[in-house]
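**Q** File name start20.cif; file contents mmCIF, C-alpha atoms; full text below.
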```cif
data_query
#
loop_
_atom_site.label_atom_id
_atom_site.label_comp_id
_atom_site.auth_asym_id
_atom_site.auth_seq_id
_atom_site.Cartn_x
_atom_site.Cartn_y
_atom_site.Cartn_z
CA MET H 1 94.72 21.26 98.83
CA CYS H 2 97.83 19.16 98.83
CA ARG H 3 98.51 16.41 96.36
CA LEU H 4 101.27 14.76 94.41
CA GLU H 5 100.61 13.30 90.98
CA PRO H 6 103.68 12.16 89.06
CA GLY H 7 103.68 8.92 87.12
CA GLY H 8 105.29 5.67 88.10
CA PRO H 9 104.71 2.06 89.14
CA PHE H 10 101.53 1.21 90.97
CA LEU H 11 100.36 -1.61 93.13
CA ILE H 12 97.45 -2.64 90.91
CA VAL H 13 98.20 -2.17 87.22
CA ARG H 14 95.23 -1.48 84.97
CA ASP H 15 96.29 -1.14 81.34
CA ALA H 16 94.51 1.95 80.00
CA ALA H 17 95.13 0.75 76.45
CA LYS H 18 92.99 -2.29 77.21
CA ALA H 19 90.34 -0.27 79.01
CA PRO H 20 88.55 1.87 76.42
CA LEU H 21 85.93 4.34 77.53
CA LEU H 22 82.43 2.97 77.80
CA LYS H 23 80.31 3.03 74.68
CA ASP H 24 76.62 3.78 74.90
CA GLU H 25 75.70 0.31 73.71
CA ASP H 26 77.87 -1.26 76.43
CA GLU H 27 76.41 0.81 79.25
CA PRO H 28 73.50 -0.61 81.24
CA PRO H 29 70.35 1.56 81.37
CA LEU H 30 70.89 4.58 83.56
CA ASN H 31 68.85 5.37 86.61
CA ARG H 32 68.56 9.16 86.46
CA ASP H 33 67.96 9.41 90.18
CA ALA H 34 71.14 7.43 90.74
CA MET H 35 72.98 9.94 88.56
CA ASN H 36 72.08 12.63 91.07
CA PRO H 37 74.84 12.50 93.70
CA VAL H 38 72.48 13.85 96.36
CA ALA H 39 69.52 11.63 95.57
CA ALA H 40 71.49 8.41 95.13
CA GLU H 41 71.10 5.91 97.91
CA THR H 42 74.09 3.68 98.40
CA ASN H 43 75.20 1.11 100.90
CA SER H 44 78.15 3.36 101.69
CA THR H 45 75.86 5.58 103.75
CA LEU H 46 76.99 4.03 106.99
CA ASP H 47 76.72 5.38 110.49
CA THR H 48 80.39 6.34 110.32
CA THR H 49 79.78 8.27 107.13
CA ASN H 50 76.87 10.14 108.67
CA ALA H 51 79.05 11.05 111.62
CA HIS H 52 81.73 12.43 109.33
CA VAL H 53 79.17 14.42 107.36
CA ALA H 54 77.67 15.92 110.51
CA ALA H 55 81.11 16.77 111.85
CA GLY H 56 82.01 18.71 108.71
CA ALA H 57 78.66 20.37 108.11
CA HIS H 58 79.83 23.73 109.40
CA ALA H 59 83.45 23.66 108.24
CA PRO H 60 84.43 26.97 106.62
CA LEU H 61 84.69 26.86 102.84
CA GLU H 62 87.80 28.97 102.43
CA LYS H 63 90.49 30.72 104.43
CA ILE H 64 91.53 34.33 104.01
CA ALA H 65 95.18 35.06 103.23
CA LEU H 66 97.02 36.61 106.15
CA GLU H 67 99.55 38.51 104.03
CA THR H 68 100.25 39.86 100.58
CA TYR H 69 103.50 39.62 98.66
CA VAL H 70 106.07 42.34 99.33
CA PRO H 71 108.64 42.48 96.52
CA PRO H 72 112.35 42.86 97.35
CA ALA H 73 114.12 46.10 96.55
CA LYS H 74 115.82 44.44 93.57
CA PRO H 75 113.16 42.43 91.76
CA SER H 76 113.94 39.15 90.04
CA LEU H 77 113.31 38.67 86.33
CA VAL H 78 112.30 35.05 87.00
CA GLY H 79 108.60 34.56 86.32
CA LEU H 80 108.17 37.66 84.15
CA SER H 81 106.83 37.46 80.63
CA ARG H 82 108.87 38.83 77.74
CA ALA H 83 106.76 41.99 77.76
CA GLU H 84 107.31 42.43 81.50
CA ILE H 85 111.07 41.96 81.12
CA ALA H 86 111.03 44.62 78.39
CA GLU H 87 109.23 46.96 80.80
CA GLN H 88 111.87 46.37 83.46
CA LEU H 89 114.61 47.08 80.95
CA GLY H 90 112.90 50.31 79.96
CA ALA H 91 112.65 51.33 83.61
CA ILE H 92 116.42 51.07 84.06
CA GLY H 93 117.20 53.01 80.90
CA VAL H 94 117.75 50.38 78.21
CA ALA H 95 117.07 51.99 74.82
CA PRO H 96 113.87 50.85 73.04
CA ALA H 97 115.85 49.68 70.01
CA GLN H 98 117.83 47.25 72.19
CA ARG H 99 115.06 45.81 74.31
CA LYS H 100 113.84 43.01 72.03
CA MET H 101 117.36 41.67 71.58
CA ARG H 102 118.15 41.98 75.29
CA VAL H 103 114.91 40.21 76.23
CA GLN H 104 115.80 37.28 73.98
CA GLN H 105 119.31 37.10 75.45
CA LEU H 106 118.01 37.18 79.01
CA TRP H 107 115.28 34.63 78.27
CA HIS H 108 117.85 32.19 76.89
CA TRP H 109 120.28 32.62 79.76
CA ILE H 110 117.58 32.34 82.44
CA TYR H 111 115.43 29.50 81.09
CA VAL H 112 117.72 27.48 78.80
CA ARG H 113 121.04 27.73 80.59
CA GLY H 114 119.83 28.41 84.12
CA ALA H 115 122.09 31.41 84.82
CA LYS H 116 122.09 32.39 88.49
CA SER H 117 123.67 35.80 87.95
CA PHE H 118 124.07 38.37 85.20
CA GLU H 119 127.84 37.84 85.36
CA GLU H 120 127.37 34.41 83.77
CA MET H 121 125.67 35.95 80.72
CA THR H 122 128.80 36.33 78.62
CA SER H 123 126.98 37.20 75.38
CA ILE H 124 125.85 40.44 77.04
CA SER H 125 128.33 43.30 77.34
CA LYS H 126 130.02 43.94 80.69
CA GLU H 127 128.46 47.40 80.86
CA MET H 128 124.97 46.02 80.35
CA ARG H 129 125.56 43.23 82.88
CA ALA H 130 126.65 45.80 85.45
CA GLN H 131 123.57 47.90 84.73
CA LEU H 132 121.30 44.88 85.11
CA ASP H 133 123.01 43.79 88.32
CA GLN H 134 122.56 47.24 89.83
CA HIS H 135 118.78 47.11 89.57
CA LEU H 136 117.64 43.51 89.03
CA THR H 137 118.37 39.87 89.89
CA VAL H 138 117.67 36.39 88.54
CA ALA H 139 117.16 35.03 92.06
CA ARG H 140 115.06 31.97 92.78
CA PRO H 141 113.96 30.55 96.15
CA GLU H 142 116.71 29.56 98.59
CA VAL H 143 117.12 25.86 99.42
CA VAL H 144 116.83 25.59 103.21
CA ALA H 145 116.91 21.80 103.36
CA GLU H 146 117.25 18.91 100.94
CA GLN H 147 116.64 15.25 101.63
CA VAL H 148 116.98 12.24 99.34
CA SER H 149 114.91 9.10 99.83
CA ASN H 150 116.27 5.62 99.33
CA ASP H 151 113.88 5.34 96.37
CA GLY H 152 115.39 8.43 94.71
CA THR H 153 112.65 10.84 95.72
CA ARG H 154 114.03 14.28 96.60
CA LYS H 155 112.39 17.00 98.63
CA TRP H 156 113.37 20.60 99.08
CA LEU H 157 112.25 23.14 101.62
CA LEU H 158 112.48 26.50 99.85
CA ARG H 159 112.65 29.92 101.49
CA LEU H 160 111.06 32.76 99.57
CA PRO H 161 112.79 36.15 99.38
CA SER H 162 110.71 39.06 100.67
CA GLY H 163 110.96 42.82 100.81
CA ASP H 164 109.29 42.88 104.22
CA SER H 165 111.84 43.31 107.00
CA ILE H 166 109.30 42.60 109.73
CA GLU H 167 107.59 39.41 108.63
CA LYS H 168 109.77 36.32 108.62
CA ALA H 169 110.58 34.71 105.28
CA HIS H 170 108.10 32.05 104.30
CA GLU H 171 108.84 28.53 103.11
CA VAL H 172 107.21 26.16 100.65
CA GLU H 173 107.87 22.61 99.57
CA CYS H 174 108.83 20.98 96.30
CA VAL H 175 109.17 17.23 95.67
CA TYR H 176 110.90 15.43 92.77
CA ILE H 177 110.01 11.81 91.97
CA PRO H 178 112.16 9.99 89.39
CA GLU H 179 110.86 7.05 87.40
CA THR H 180 112.37 4.95 84.64
CA ASP H 181 110.56 6.88 81.92
CA ARG H 182 110.07 10.32 83.49
CA GLY H 183 110.88 12.64 86.35
CA THR H 184 107.99 14.51 87.94
CA LEU H 185 108.18 17.66 90.00
CA CYS H 186 105.37 18.51 92.42
CA VAL H 187 105.06 22.29 92.72
CA SER H 188 103.29 24.49 95.30
CA SER H 189 101.04 27.45 94.50
CA GLN H 190 100.37 28.91 97.96
CA VAL H 191 102.02 29.24 101.35
CA GLY H 192 99.50 27.08 103.19
CA CYS H 193 96.14 26.46 101.55
CA THR H 194 92.85 28.26 100.97
CA LEU H 195 90.83 25.10 101.54
CA ASN H 196 89.86 22.98 104.55
CA CYS H 197 89.60 19.45 103.19
CA SER H 198 88.93 17.31 106.26
CA PHE H 199 91.13 14.35 105.25
CA CYS H 200 94.11 16.53 104.27
CA HIS H 201 96.76 17.51 106.78
CA THR H 202 97.67 20.61 104.79
CA GLY H 203 94.07 21.72 105.16
CA THR H 204 94.81 22.25 108.85
CA GLN H 205 97.46 24.85 108.02
CA ARG H 206 96.74 28.57 107.75
CA LEU H 207 96.78 30.33 104.41
CA VAL H 208 99.61 32.84 104.51
CA ARG H 209 99.60 34.13 100.93
CA ASN H 210 99.60 33.24 97.25
CA LEU H 211 102.88 32.62 95.48
CA THR H 212 103.97 34.86 92.62
CA SER H 213 104.61 33.50 89.14
CA GLY H 214 108.34 33.90 89.84
CA GLU H 215 108.11 31.83 93.00
CA ILE H 216 106.28 29.08 91.11
CA VAL H 217 108.70 29.06 88.16
CA GLY H 218 111.54 29.33 90.67
CA GLN H 219 110.68 25.90 92.07
CA ILE H 220 111.30 24.29 88.67
CA MET H 221 114.54 26.25 88.34
CA VAL H 222 115.73 25.14 91.77
CA ALA H 223 115.06 21.51 90.84
CA ARG H 224 117.07 21.88 87.65
CA ASP H 225 119.85 23.60 89.58
CA ARG H 226 120.06 20.80 92.14
CA LEU H 227 119.82 18.05 89.52
CA ASN H 228 122.22 19.82 87.11
CA ASP H 229 119.44 19.47 84.55
CA TRP H 230 119.81 22.52 82.33
CA ALA H 231 119.85 22.10 78.56
CA ASP H 232 123.56 22.86 78.16
CA ARG H 233 124.60 20.13 80.63
CA ALA H 234 124.83 16.38 80.31
CA THR H 235 122.72 14.19 82.57
CA PRO H 236 123.22 10.54 83.60
CA THR H 237 120.28 9.48 81.41
CA GLY H 238 121.24 11.57 78.41
CA GLY H 239 117.87 13.35 78.57
CA ARG H 240 116.18 15.84 80.83
CA LEU H 241 115.55 14.73 84.41
CA VAL H 242 112.56 16.98 85.12
CA THR H 243 110.13 15.97 82.36
CA ASN H 244 106.75 16.47 84.05
CA VAL H 245 105.31 19.14 86.34
CA VAL H 246 102.26 18.74 88.55
CA MET H 247 100.54 21.58 90.40
CA MET H 248 99.71 19.38 93.37
CA GLY H 249 101.86 20.74 96.15
CA MET H 250 100.79 23.18 98.84
CA GLY H 251 97.76 25.29 97.95
CA GLU H 252 94.77 25.36 95.60
CA PRO H 253 96.14 26.49 92.21
CA LEU H 254 92.85 27.86 90.92
CA TYR H 255 92.62 30.30 93.82
CA ASN H 256 95.89 31.75 92.52
CA PHE H 257 94.93 31.54 88.89
CA GLU H 258 96.79 34.44 87.29
CA ALA H 259 100.14 33.63 88.88
CA VAL H 260 99.77 29.91 88.10
CA ARG H 261 98.77 30.66 84.51
CA ASP H 262 101.68 33.04 83.94
CA ALA H 263 104.14 30.59 85.50
CA LEU H 264 102.96 27.57 83.50
CA LEU H 265 103.06 29.49 80.23
CA ILE H 266 106.74 30.19 80.95
CA VAL H 267 107.38 26.56 81.90
CA ALA H 268 105.76 25.39 78.64
CA ASP H 269 107.56 27.95 76.42
CA ASN H 270 109.55 25.96 73.86
CA GLU H 271 112.26 28.62 73.74
CA GLY H 272 112.91 28.22 77.44
CA ILE H 273 112.18 25.51 80.02
CA GLY H 274 110.18 23.74 77.32
CA ILE H 275 108.03 21.23 79.21
CA SER H 276 105.09 20.27 77.01
CA ARG H 277 101.59 21.22 78.14
CA ARG H 278 100.71 17.53 77.92
CA ARG H 279 103.33 16.88 80.60
CA ILE H 280 101.94 19.54 82.95
CA THR H 281 98.99 18.63 85.16
CA LEU H 282 97.00 21.06 87.29
CA SER H 283 94.94 19.55 90.09
CA THR H 284 92.00 21.36 91.67
CA SER H 285 89.48 20.59 94.38
CA GLY H 286 86.82 22.08 92.12
CA VAL H 287 87.03 25.86 91.67
CA VAL H 288 84.50 25.63 88.86
CA PRO H 289 84.70 29.14 87.37
CA ASN H 290 88.43 28.76 86.71
CA ILE H 291 88.36 25.23 85.27
CA ILE H 292 87.31 26.37 81.80
CA ARG H 293 89.78 29.27 82.05
CA THR H 294 92.49 26.72 82.73
CA GLY H 295 91.76 24.95 79.46
CA ASP H 296 91.37 28.15 77.46
CA GLU H 297 94.27 30.16 78.90
CA ILE H 298 96.80 27.51 79.93
CA GLY H 299 95.88 24.33 78.04
CA VAL H 300 97.43 21.84 80.45
CA MET H 301 96.15 18.47 81.67
CA LEU H 302 93.47 18.57 84.36
CA ALA H 303 93.06 16.54 87.55
CA ILE H 304 90.10 16.74 89.92
CA SER H 305 90.23 15.90 93.62
CA LEU H 306 86.84 14.22 93.73
CA HIS H 307 86.89 11.78 96.69
CA ALA H 308 83.11 11.32 96.96
CA VAL H 309 80.11 10.59 94.74
CA ARG H 310 77.43 12.22 96.91
CA ASP H 311 77.19 15.91 97.69
CA GLU H 312 76.44 15.43 101.38
CA LEU H 313 79.67 13.46 101.85
CA ARG H 314 81.82 15.63 99.60
CA ASN H 315 80.54 18.68 101.51
CA GLU H 316 82.43 17.27 104.49
CA LEU H 317 85.51 15.89 102.76
CA VAL H 318 85.92 18.91 100.49
CA PRO H 319 83.85 21.76 101.98
CA LEU H 320 84.31 23.78 98.76
CA ASN H 321 81.65 21.40 97.38
CA ARG H 322 79.01 23.44 99.21
CA LYS H 323 79.90 26.29 96.85
CA TYR H 324 80.48 24.23 93.70
CA PRO H 325 78.56 20.93 94.01
CA ILE H 326 79.37 17.76 92.11
CA ALA H 327 76.95 18.36 89.24
CA GLU H 328 78.50 21.75 88.46
CA LEU H 329 82.01 20.33 88.78
CA LEU H 330 81.33 17.46 86.40
CA GLN H 331 79.71 19.77 83.87
CA ALA H 332 82.84 21.91 83.89
CA CYS H 333 84.84 18.75 83.23
CA ARG H 334 82.60 17.83 80.30
CA ASP H 335 83.13 21.32 78.90
CA TYR H 336 86.90 21.34 79.51
CA PRO H 337 88.62 22.50 76.30
CA GLY H 338 90.73 19.86 74.59
CA SER H 339 89.72 16.84 76.64
CA SER H 340 89.68 13.61 74.63
CA ASN H 341 90.60 9.94 74.93
CA ALA H 342 94.21 11.03 74.42
CA ARG H 343 93.90 13.86 76.97
CA ARG H 344 91.86 12.31 79.77
CA ILE H 345 90.92 14.14 82.93
CA THR H 346 92.26 12.43 86.05
CA PHE H 347 89.85 12.01 88.96
CA GLU H 348 91.60 11.52 92.31
CA TYR H 349 89.76 9.42 94.89
CA VAL H 350 91.19 8.83 98.35
CA MET H 351 90.02 5.52 99.85
CA LEU H 352 88.47 6.02 103.30
CA LYS H 353 87.30 2.99 105.25
CA GLY H 354 83.53 2.84 105.65
CA VAL H 355 83.14 6.32 104.21
CA ASN H 356 83.44 6.28 100.42
CA ASP H 357 84.76 2.82 99.52
CA SER H 358 81.69 0.62 98.91
CA LEU H 359 80.93 -1.05 95.59
CA ASP H 360 77.84 1.15 95.36
CA ASP H 361 80.17 4.14 95.48
CA ALA H 362 82.20 2.59 92.68
CA LYS H 363 79.08 1.98 90.58
CA LEU H 364 77.86 5.53 91.03
CA LEU H 365 81.32 6.86 90.23
CA VAL H 366 81.29 5.04 86.90
CA LYS H 367 77.81 6.36 86.08
CA MET H 368 78.73 9.92 87.08
CA LEU H 369 81.74 10.01 84.79
CA LYS H 370 79.93 8.77 81.69
CA GLY H 371 80.77 11.01 78.75
CA ILE H 372 83.94 12.41 80.32
CA PRO H 373 87.28 11.11 78.97
CA ALA H 374 88.54 10.02 82.36
CA LYS H 375 91.13 8.13 84.37
CA ILE H 376 90.52 7.38 88.04
CA ASN H 377 93.42 7.39 90.50
CA LEU H 378 92.67 5.51 93.72
CA ILE H 379 94.69 6.75 96.68
CA PRO H 380 95.08 4.60 99.81
CA PHE H 381 94.62 7.02 102.71
CA ASN H 382 97.69 7.35 104.92
CA PRO H 383 96.37 8.34 108.38
CA TRP H 384 97.97 11.18 110.30
CA PRO H 385 97.73 11.71 114.07
CA GLY H 386 94.45 13.34 114.97
CA THR H 387 92.56 12.34 111.85
CA ARG H 388 89.22 10.59 112.26
CA TYR H 389 89.66 8.62 109.02
CA GLU H 390 91.15 5.20 108.33
CA CYS H 391 92.46 3.68 105.13
CA SER H 392 90.17 1.22 103.37
CA ASP H 393 91.07 -2.45 103.71
CA TRP H 394 93.25 -3.62 100.86
CA ASP H 395 90.71 -6.21 99.71
CA GLN H 396 88.12 -3.47 99.43
CA ILE H 397 90.48 -1.25 97.44
CA GLU H 398 91.08 -4.14 95.04
CA LYS H 399 87.35 -4.75 94.61
CA PHE H 400 86.73 -1.05 94.02
CA SER H 401 89.53 -0.86 91.46
CA GLU H 402 88.41 -4.05 89.73
CA TYR H 403 84.88 -2.75 89.25
CA ILE H 404 86.09 0.52 87.75
CA PHE H 405 88.53 -1.25 85.46
CA ASN H 406 85.92 -3.72 84.24
CA ALA H 407 83.63 -0.76 83.51
CA GLY H 408 86.20 0.54 81.05
CA TYR H 409 88.27 3.03 83.03
CA SER H 410 91.95 3.03 83.88
CA SER H 411 92.06 2.74 87.68
CA PRO H 412 95.62 2.72 89.05
CA VAL H 413 96.24 2.57 92.77
CA ARG H 414 99.08 4.83 93.75
CA THR H 415 102.27 3.58 95.38
CA PRO H 416 103.71 5.66 98.25
CA ARG H 417 107.04 7.32 97.50
CA GLY H 418 109.58 9.00 99.76
CA ARG H 419 108.05 7.84 103.02
CA ASP H 420 111.43 7.71 104.72
CA ILE H 421 111.88 11.46 104.16
CA LEU H 422 108.25 12.51 104.76
CA ALA H 423 107.90 13.52 101.12
CA ALA H 424 104.16 14.11 101.27
CA CYS H 425 103.41 17.73 100.48
CA GLY H 426 102.95 19.77 103.64
CA GLN H 427 105.22 17.49 105.66
CA LEU H 428 108.79 18.53 104.95
CA LYS H 429 111.05 18.56 107.97
CA SER H 430 113.66 21.31 108.17
CA GLU H 431 116.61 21.51 110.51
CA THR H 432 115.97 25.25 110.63
CA GLU H 433 112.34 24.94 111.74
CA LYS H 434 111.03 22.93 114.67
CA LEU H 435 107.87 21.04 113.82
CA SER H 436 105.38 19.58 116.25
CA VAL H 437 105.27 15.84 116.86
CA ARG H 438 102.04 15.72 114.87
CA GLU H 439 103.63 17.48 111.90
CA ARG H 440 106.75 15.33 112.01
CA GLN H 441 104.74 12.12 112.00
CA ALA H 442 101.97 13.07 109.60
CA LEU H 443 102.21 11.33 106.24
CA ARG H 444 99.39 11.69 103.78
CA ALA H 445 98.54 9.39 100.90
CA MET H 446 99.08 12.24 98.47
CA ALA H 447 102.84 11.59 98.22
CA MET H 448 102.17 8.78 95.79
CA THR H 449 102.47 8.03 92.13
CA ASP H 450 99.96 6.38 89.88
#
```
Can the structure from this file be put into C-alpha cells for me?
**A**
Amino acid sequence: MCRLEPGGPFLIVRDAAKAPLLKDEDEPPLNRDAMNPVAAETNSTLDTTNAHVAAGAHAPLEKIALETYVPPAKPSLVGLSRAEIAEQLGAIGVAPAQRKMRVQQLWHWIYVRGAKSFEEMTSISKEMRAQLDQHLTVARPEVVAEQVSNDGTRKWLLRLPSGDSIEKAHEVECVYIPETDRGTLCVSSQVGCTLNCSFCHTGTQRLVRNLTSGEIVGQIMVARDRLNDWADRATPTGGRLVTNVVMMGMGEPLYNFEAVRDALLIVADNEGIGISRRRITLSTSGVVPNIIRTGDEIGVMLAISLHAVRDELRNELVPLNRKYPIAELLQACRDYPGSSNARRITFEYVMLKGVNDSLDDAKLLVKMLKGIPAKINLIPFNPWPGTRYECSDWDQIEKFSEYIFNAGYSSPVRTPRGRDILAACGQLKSETEKLSVRERQALRAMAMTD
C-alpha cells in the first residue's frame, strides 16, 4: 500500500461545510440488493472490467517479509516509550531513584529540542552524558538523498541503521508537502509492502521487513531536522512547519500495528513532538481486525483505500478484499471509535477508466457509505509503465465528483504534487542507487493532496 494524503488545494473544490451528511428523509428508498456490493449490477461492469477481474483472480493476498530487524550494537532511544527508556537506563546502571528525572530530561531533549547527541543535553551532567554515550544513541535514519520540488514539496530517501553486517542497509521514503495552512509529512511503515494492489506500483515491490517504532518516529525527526522545525527554533512562518502526519507512505500500517501504534503515541505526546491525533491520519487497505484497535489504542483519523464498490472488482484491485470483503470493511468503519461529522473517515477512490468510474459506481458508493461520517477523495490515476490501467477522462471524473457532492458528501479531487522530483511514494530516485527505467518513470496518483 502506498499513498499520500496531506491537505491542500484541489482541482475541483467541494465545500464540506455546504455538504452535510445525508439525512434519512433526504435519501431515496434503498434497494437492499444494490447495497450488496457483490449482487449490485452496474453499468461499470464492462468487458475491460471483467478482464481486469479475471487477471487478478489469483493474485496473492499478502507477501511474507524476507527479513527481521537486527538492532545495532548501541540501540537508539528514539521510538522508545518512557517505560522502555527507564529500562535502558536501568540496564546501564542508572540508579532507580534517578530514572524518572533522567527519562523526563531525555524525553525533552529528544522530542522537544531534537538533540542529535547526548553531548547537546547540557542539563544532564557530563558524567551521565558520557555513560549514556557509551551504551546508547539518539540516532535517526540517515538522509541519503534530498530533493526539493518547484512547488515546495520535499522528498528524502532515508537509510536505516542495522546491526546486520551481511545484509545491506535498507532505505525508505518520506515526503513533505507544504501548504498555506499546514505542512504534511507522509511516513512509511514498511520496507516494501505486504500487499499486492494491482494499480499500485509499490505493490510490485517485495516486502523486506516492518519498520520499528524508532524508524517511524525517526522519519518525523529527520523532517524537523532538515526543516529546522524544532520547538526551540524560529521558523519562517512563526509556527511549526510539520503540522500533520499521514501514514500513507511505503507499506500497510495495520500489518505493522504495534510499531505504528507505539510510534504515533510518541508523535502525539503533548510533552514531546506534540502533533494532535486529529492531525494524524492512518490509511489502510482494509485490515479489518486492526481497524477497531486503531481507534481504541491510537485514536487517530482513519482513511480507507476503497477504490471499488463491488467485491469482484475490489478483489482484483485490492486482493486483500478476498480476506476482508467490502461488507466487513464498512462495518468496521461504522464501528470505528470516535467517528463523527467532525471526525469523518476518508475513503480514497482512484479513478480508473472503464473500470470503476461510471455514474452507477458513484450511486452505489453513496448508498454504501450511508450512516458513516465520510469524505470521499477522488484520485486521478497516474499510469506507470507496464500498468494495464488508464486514468478516467476528466469529464467523467467531474461527473462522478458532482454526483457525490450533490448527494451530500465532500468529494475533493486531488492535485498532483512534486511530479518534477518523482515525489510519489515508492518512486524516490537516489544518486546512490540505480533504478530501472520503469522505476524512474513511474509516477502514481498517490502523490497528491486533497
**Q** Counting only C-alpha atoms, what is within 12 Å of H:Thr212, bar same-chain residues fewer than 3 positions away, as a VMD selection string?
**A** chain H and resid 68 to 71 75 to 80 140 to 141 160 to 162 188 to 191 209 215 to 219 253 256 to 264
**Q** Measuring between all atoms listed in the file, which one of H:Ala234, H:Ser401, H:Glu62, H:Cys186 shows the shortest distance to H:Lys323?
**A**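 Using all atoms listed in the file, the shortest distance to H:Lys323 belongs to H:Glu62.
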**Q** For H:Arg113, which residue out of H:Trp230, H:Phe199, H:Trp384, H:Tyr176 is the nearest one, using all atoms listed in the file?
**A**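 Closest to H:Arg113 of all the choices is H:Trp230.
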**Q** Expanded to explicit residues, what is the PyMOL selection byres ((chain H and resi 333-345) around 7) for this file, as a list of chain:residue names?
**A**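 When the PyMOL selection byres ((chain H and resi 333-345) around 7) is applied to the shown file, the picked residues are H:Ile292, H:Gly295, H:Asp296, H:Met301, H:Leu302, H:Ala303, H:Leu329, H:Leu330, H:Gln331, H:Ala332, H:Thr346, H:Phe347, H:Ile372, H:Pro373, H:Ala374, H:Lys375.
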**Q** For the structure shown, which residues end up in the PyMOL selection byres ((chain H and resi 349-352) around 10)? Put them as number ranges by chain, please?
**A** H: 49, 199, 304-309, 346-348, 353-358, 365, 376-383, 389-394, 396-397, 400, 413-414, 445-446
**Q** For the residues selected in the previous step, produce a file with C-alpha atoms as a tab-separated table (two decimals), in the frame of the given file.
**A**
```tsv
chain	number	residue	atom	x	y	z
H	49	THR	CA	79.78	8.27	107.13
H	199	PHE	CA	91.13	14.35	105.25
H	304	ILE	CA	90.10	16.74	89.92
H	305	SER	CA	90.23	15.90	93.62
H	306	LEU	CA	86.84	14.22	93.73
H	307	HIS	CA	86.89	11.78	96.69
H	308	ALA	CA	83.11	11.32	96.96
H	309	VAL	CA	80.11	10.59	94.74
H	346	THR	CA	92.26	12.43	86.05
H	347	PHE	CA	89.85	12.01	88.96
H	348	GLU	CA	91.60	11.52	92.31
H	353	LYS	CA	87.30	2.99	105.25
H	354	GLY	CA	83.53	2.84	105.65
H	355	VAL	CA	83.14	6.32	104.21
H	356	ASN	CA	83.44	6.28	100.42
H	357	ASP	CA	84.76	2.82	99.52
H	358	SER	CA	81.69	0.62	98.91
H	365	LEU	CA	81.32	6.86	90.23
H	376	ILE	CA	90.52	7.38	88.04
H	377	ASN	CA	93.42	7.39	90.50
H	378	LEU	CA	92.67	5.51	93.72
H	379	ILE	CA	94.69	6.75	96.68
H	380	PRO	CA	95.08	4.60	99.81
H	381	PHE	CA	94.62	7.02	102.71
H	382	ASN	CA	97.69	7.35	104.92
H	383	PRO	CA	96.37	8.34	108.38
H	389	TYR	CA	89.66	8.62	109.02
H	390	GLU	CA	91.15	5.20	108.33
H	391	CYS	CA	92.46	3.68	105.13
H	392	SER	CA	90.17	1.22	103.37
H	393	ASP	CA	91.07	-2.45	103.71
H	394	TRP	CA	93.25	-3.62	100.86
H	396	GLN	CA	88.12	-3.47	99.43
H	397	ILE	CA	90.48	-1.25	97.44
H	400	PHE	CA	86.73	-1.05	94.02
H	413	VAL	CA	96.24	2.57	92.77
H	414	ARG	CA	99.08	4.83	93.75
H	445	ALA	CA	98.54	9.39	100.90
H	446	MET	CA	99.08	12.24	98.47
```
**Q** Which is closest to H:Ser276 among H:Val246, H:Ala83, H:Val288, H:Leu369, if we use only C-alpha atoms?
**A**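 Smallest separation from H:Ser276 among the options: H:Val246.
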**Q** The PyMOL selection byres ((chain H and resi 239) around 12) - which residues does that actually catch in the file I just gave you? List them as a list in words.
**A**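 Against this file, the PyMOL selection byres ((chain H and resi 239) around 12) returns the residues Thr180, Asp181, Arg182, Gly183, Asn228, Asp229, Trp230, Ala231, Asp232, Arg233, Ala234, Thr235, Pro236, Thr237, Gly238, Arg240, Leu241, Val242 and Thr243 of chain H.
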**Q** Would you compute the distance between atom CA of H:Ser117 and atom CA of H:Ala139? Give it in Å to one decimal.
**A**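 Computing the Euclidean distance for atom CA of H:Ser117 and atom CA of H:Ala139 yields 7.7 Å.
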**Q** Quick check, in Å to one decimal: how far apart do atom CA of H:Val318 and atom CA of H:Glu398 lie?
**A**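 These two atoms are separated by 24.2 Å.
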**Q** Enter the distance from atom CA of H:Gln205 to atom CA of H:Ala73, in Å, rounded to one decimal.
**A**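 Atom CA of H:Gln205 sits 29.3 Å away from atom CA of H:Ala73.
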**Q** Ranking H:Gly114, H:Gly93, H:Gly272, H:Gly408 by minimum distance to H:Gln131 and counting only C-alpha atoms, which one comes first?
**A**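 Of H:Gly114, H:Gly93, H:Gly272, H:Gly408, the one nearest H:Gln131, counting only C-alpha atoms, is H:Gly93.
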